[in-house]
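Colleague: This is the structure I have questions about; it appears just below.
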Amino acid sequence: MNRMRFALPLLALVVTLFAAERDARAVDGEWSKNEHVEMRLISAVQAVGERETLPLGLQFRMQPGWKLYWRSPGDAGFPPRPDWSDSENVSDVHIDWPAPTRFSIFKLETLGYTVEVVLPLTARVKRSGAPTTVRTKVDYLTCKDICIPYQASAELRIPAGMASASSHAHLLDQFRARVPGNGKRHGLAISGVQLASAGEKVKMTVVATAREPFVTPDIFVEGPDGSFFGKPEVSLSDDGRQTVFVVSGGGLEGPVDAKGVPLILTLVDGDRMLEAMATGTQDALASMPLANTDGGPSIWFILLLALAGGLILNLMPCVLPVLSLKLLSVVGHGGRDPQDVRRGFIASATGIVFSFLLIAAALVALQSAGIAIGWGIQFQQPVFLVAMTLIVALFASNLFGVFEIVLPSALSDVAGSTGDGHSLGGHFLTGAFATLLATPCSAPFLGTAVGFALSRGPAEIFGIFFVLGLGLSLPYLCVAAAPQLATRLPRPGNWMTWLRRILGLALATTGVWLITVLTAQTGAETAISVATLVVLMVAVIALKKMPASLLSRHAGKVTTALAVTALLAGAIAPPAKTEYSETLATWRTFDKGELQRLVASGKTVFVDVTADWCLTCQVNKILVLDTAPVAGWLDRDDVIPMRADWTRQDPAISAYLASFGRYGIPFNAVYGPKNPNGIALPELLTSDIVVEAASRATDRGAFAQR
């Protein structure tokens, strides 16, 4: 009896398992066989259910020694080419490709599969819940000592009913796990990509990192039709966590469109794999985002750098032109109510933070569109330069007393007022204006924080730019916390008239600087035209003080027309030709390929990435690069100075900066026999910094003569 009590539950368990096995029945089609390969369709679900897509598989089994080709077969062959047009209740079928194996025979490199492979399919149904029939005709090539093309047909009927898992679900999951993803779950990342062309040949360098050491890494490169890439040369770091692939290829010598050359990179290391898309020009491909690894910097450390960088930005030359607005704002609060002062400075800080978030949103949008992004890139746009010139001219005219900025009453009511004409909206705009003129500068710590943000996703970009805004607005927030810093100043009086004129002159100088930058962008003719239109606009505004004048009655319309004309002139102007001015050293135009050849020949190369709109770059030139002892060193025969002009957009320069994790300028690097990969220098240069880097890059003492 006891045995019977024990046997009954056991029998029930066996029956249950048997029923479950029968319930998870196979959903597959008939094998299509020949003497080398057999093929069929399988399904991971027993029925359509309410699904909009069905997880299917195209299964191949090869005889020993025979192989099937990957989507990019390599030097020979072609992949399976299915035709799904005869299917019923199917609108589309997408194929995923598991990572392949490399076959090297007689210097021919091919990629494919042996023994068995299931290509995961995602079939989109037209009507969920309805029976579905998937039919395909597949052209494929199988090879051993010879290659034989075949055409095979397959059919799979999936009934209506509950979409529970079939007995093929596990097999499909195994091969779907072999489809490369972004590499994060395996701890893999692509940290840098560069593409150099030399005639009909190209050479590609890819840097990859791993959380755990690499074992047998390989990389497969797919490019546009007609391109080809061979087996890579692989170099591992001492700890095995970084590898450098050098891949030779060709077929990219034809025209390249504005979006650049798309390349798909598939990294495989045993059961670990990664797939990534890189886009860039023939000269260089932008470095790709780094995955978060255990050895990377903490986000909290980067946020601390961002706060410090934003604070230091207040002292950089790019921000000096707006000190006039800051100073006037402070002295204008002398003797006023502390609460009014606090609200005004909080409004200015809000304008700064809001502008940083606006810049972050624009950068995220450009990044999503696949466009190279960087710090200060808006100064590469002539329309932006014209708009800033117009704004500066209006502010300067206001300080000179040509006109008064009066907000409409409705807007004043919304913005609020701190009294005596100091509207909160005006303070907000002052903060926004300060931010826009600050963006061409790269302060210490700022480059690291911005570089980290722009190599990550939208969340990091918004977070870091928000903290940058807090850093730049920190002086305003300090005054808001202690209003007596401003209220104890002398009350406004006649002395402020002279101060306004001096500060107006500073802003007018900023306007002249913007016109010189526009000259480098579009040429002298366009810049002079814009400057003339701006002067006419100020003159028309001044006529408003003459009510009897006919023109004064239409001053608003005429001013608007002149401003729009200036913006259109900047928008349609063709780019100007770049010419480097002669300094104590003869600068060569930056060329990544030429740089590598010079270093290989034993030369020392100094690279200066600069732009006419980068005031910090100009300070570095005046104080360091164009003065002794650096100028004398750059003029030596064994030292080659190279200058990369980023005044206008240049994807090759953007990619070069990104290869060092930098997205802004100034940027300088020293290359030499001991450091052929280059030593990146900080944003602010000193002679000692250049001397020390030169010593590390060469096998001689600092600035030693041959």
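In the structure tokens, chains take the letters A, B, ... in the order shown, each chain's residues start at 1, and ligands count up from 1 in the order shown.
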Just asking: which residues within segment 500-649 of chain A are alpha helix (DSSP H) according to DSSP, as a count of residues only?

Modeller: 84

Colleague: Give me the residues of segment 209-282 of chain A that have any atom at most 9 Å from an atom of segment 181-184 of chain A; for each, the nearest atom pair and the distance in Å, rounded to one decimal. Use only C-alpha atoms, sort by chain and number, and format it as a tab-separated table.

Modeller:
residue	atom	partner	partner_atom	distance
A:Leu267	CA	A:Gly183	CA	8.8
A:Arg272	CA	A:Gly183	CA	7.7
A:Met273	CA	A:Gly183	CA	6.1
A:Leu274	CA	A:Gly183	CA	4.4
A:Glu275	CA	A:Gly181	CA	5.5
A:Ala276	CA	A:Asn182	CA	6.5

Colleague: Of the residues A:Gly230, A:Gly401, A:Pro629, A:Gly29, which is the one nearest to Val247 of chain A, using only C-alpha atoms?

Modeller: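 Smallest separation from Val247 of chain A among the options: A:Gly230.
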
Colleague: Can you pull out every residue within 12 Å of Ile689 of chain A, counting only C-alpha atoms, but drop anything in the same chain fewer than 4 positions away, and send it as a list in words?

Modeller: Asn620, Val624, Leu625, Pro629, Val630, Asn668, Ala669, Val670, Ile679, Ala680, Leu681, Pro682, Glu683, Leu684, Leu685, Ala693, Ala694, Ser695, Arg696 and Ala702 of chain A

Colleague: Convert the current residue selection to file output with C-alpha atoms, as a PDB file, in the first residue's frame.

Modeller:
ATOM      1  CA  ASN A 620      48.250  80.156 -26.440  1.00  0.00           C
ATOM      2  CA  VAL A 624      53.655  80.342 -25.877  1.00  0.00           C
ATOM      3  CA  LEU A 625      53.765  79.121 -29.475  1.00  0.00           C
ATOM      4  CA  PRO A 629      61.769  79.130 -26.408  1.00  0.00           C
ATOM      5  CA  VAL A 630      58.877  77.228 -28.079  1.00  0.00           C
ATOM      6  CA  ASN A 668      47.797  70.347 -28.918  1.00  0.00           C
ATOM      7  CA  ALA A 669      49.781  67.118 -29.118  1.00  0.00           C
ATOM      8  CA  VAL A 670      53.447  66.190 -29.452  1.00  0.00           C
ATOM      9  CA  ILE A 679      51.046  63.161 -26.039  1.00  0.00           C
ATOM     10  CA  ALA A 680      47.942  65.321 -25.545  1.00  0.00           C
ATOM     11  CA  LEU A 681      48.587  68.672 -23.817  1.00  0.00           C
ATOM     12  CA  PRO A 682      46.220  70.615 -21.524  1.00  0.00           C
ATOM     13  CA  GLU A 683      44.019  73.425 -22.857  1.00  0.00           C
ATOM     14  CA  LEU A 684      46.157  76.232 -21.407  1.00  0.00           C
ATOM     15  CA  LEU A 685      49.790  75.995 -22.510  1.00  0.00           C
ATOM     16  CA  ALA A 693      56.112  66.821 -23.536  1.00  0.00           C
ATOM     17  CA  ALA A 694      58.912  67.240 -26.091  1.00  0.00           C
ATOM     18  CA  SER A 695      61.307  65.415 -23.758  1.00  0.00           C
ATOM     19  CA  ARG A 696      58.870  62.515 -23.339  1.00  0.00           C
ATOM     20  CA  ALA A 702      64.134  68.718 -23.713  1.00  0.00           C
TER      21      ALA A 702
END

Colleague: Could you name the residues that touch segment 346-358 of chain A at 10 Å or less, counting only C-alpha atoms, but leaving out those on the same chain fewer than 4 positions away, as a ChimeraX atom specification?

Modeller: /A:326,329,341-342,362-364,415,423-436,439,461-481

Colleague: List every residue of segment 29-127 of chain A that DSSP, applied to the backbone, labels as strand (DSSP E), and write the result as a count of residues only.

Modeller: 58
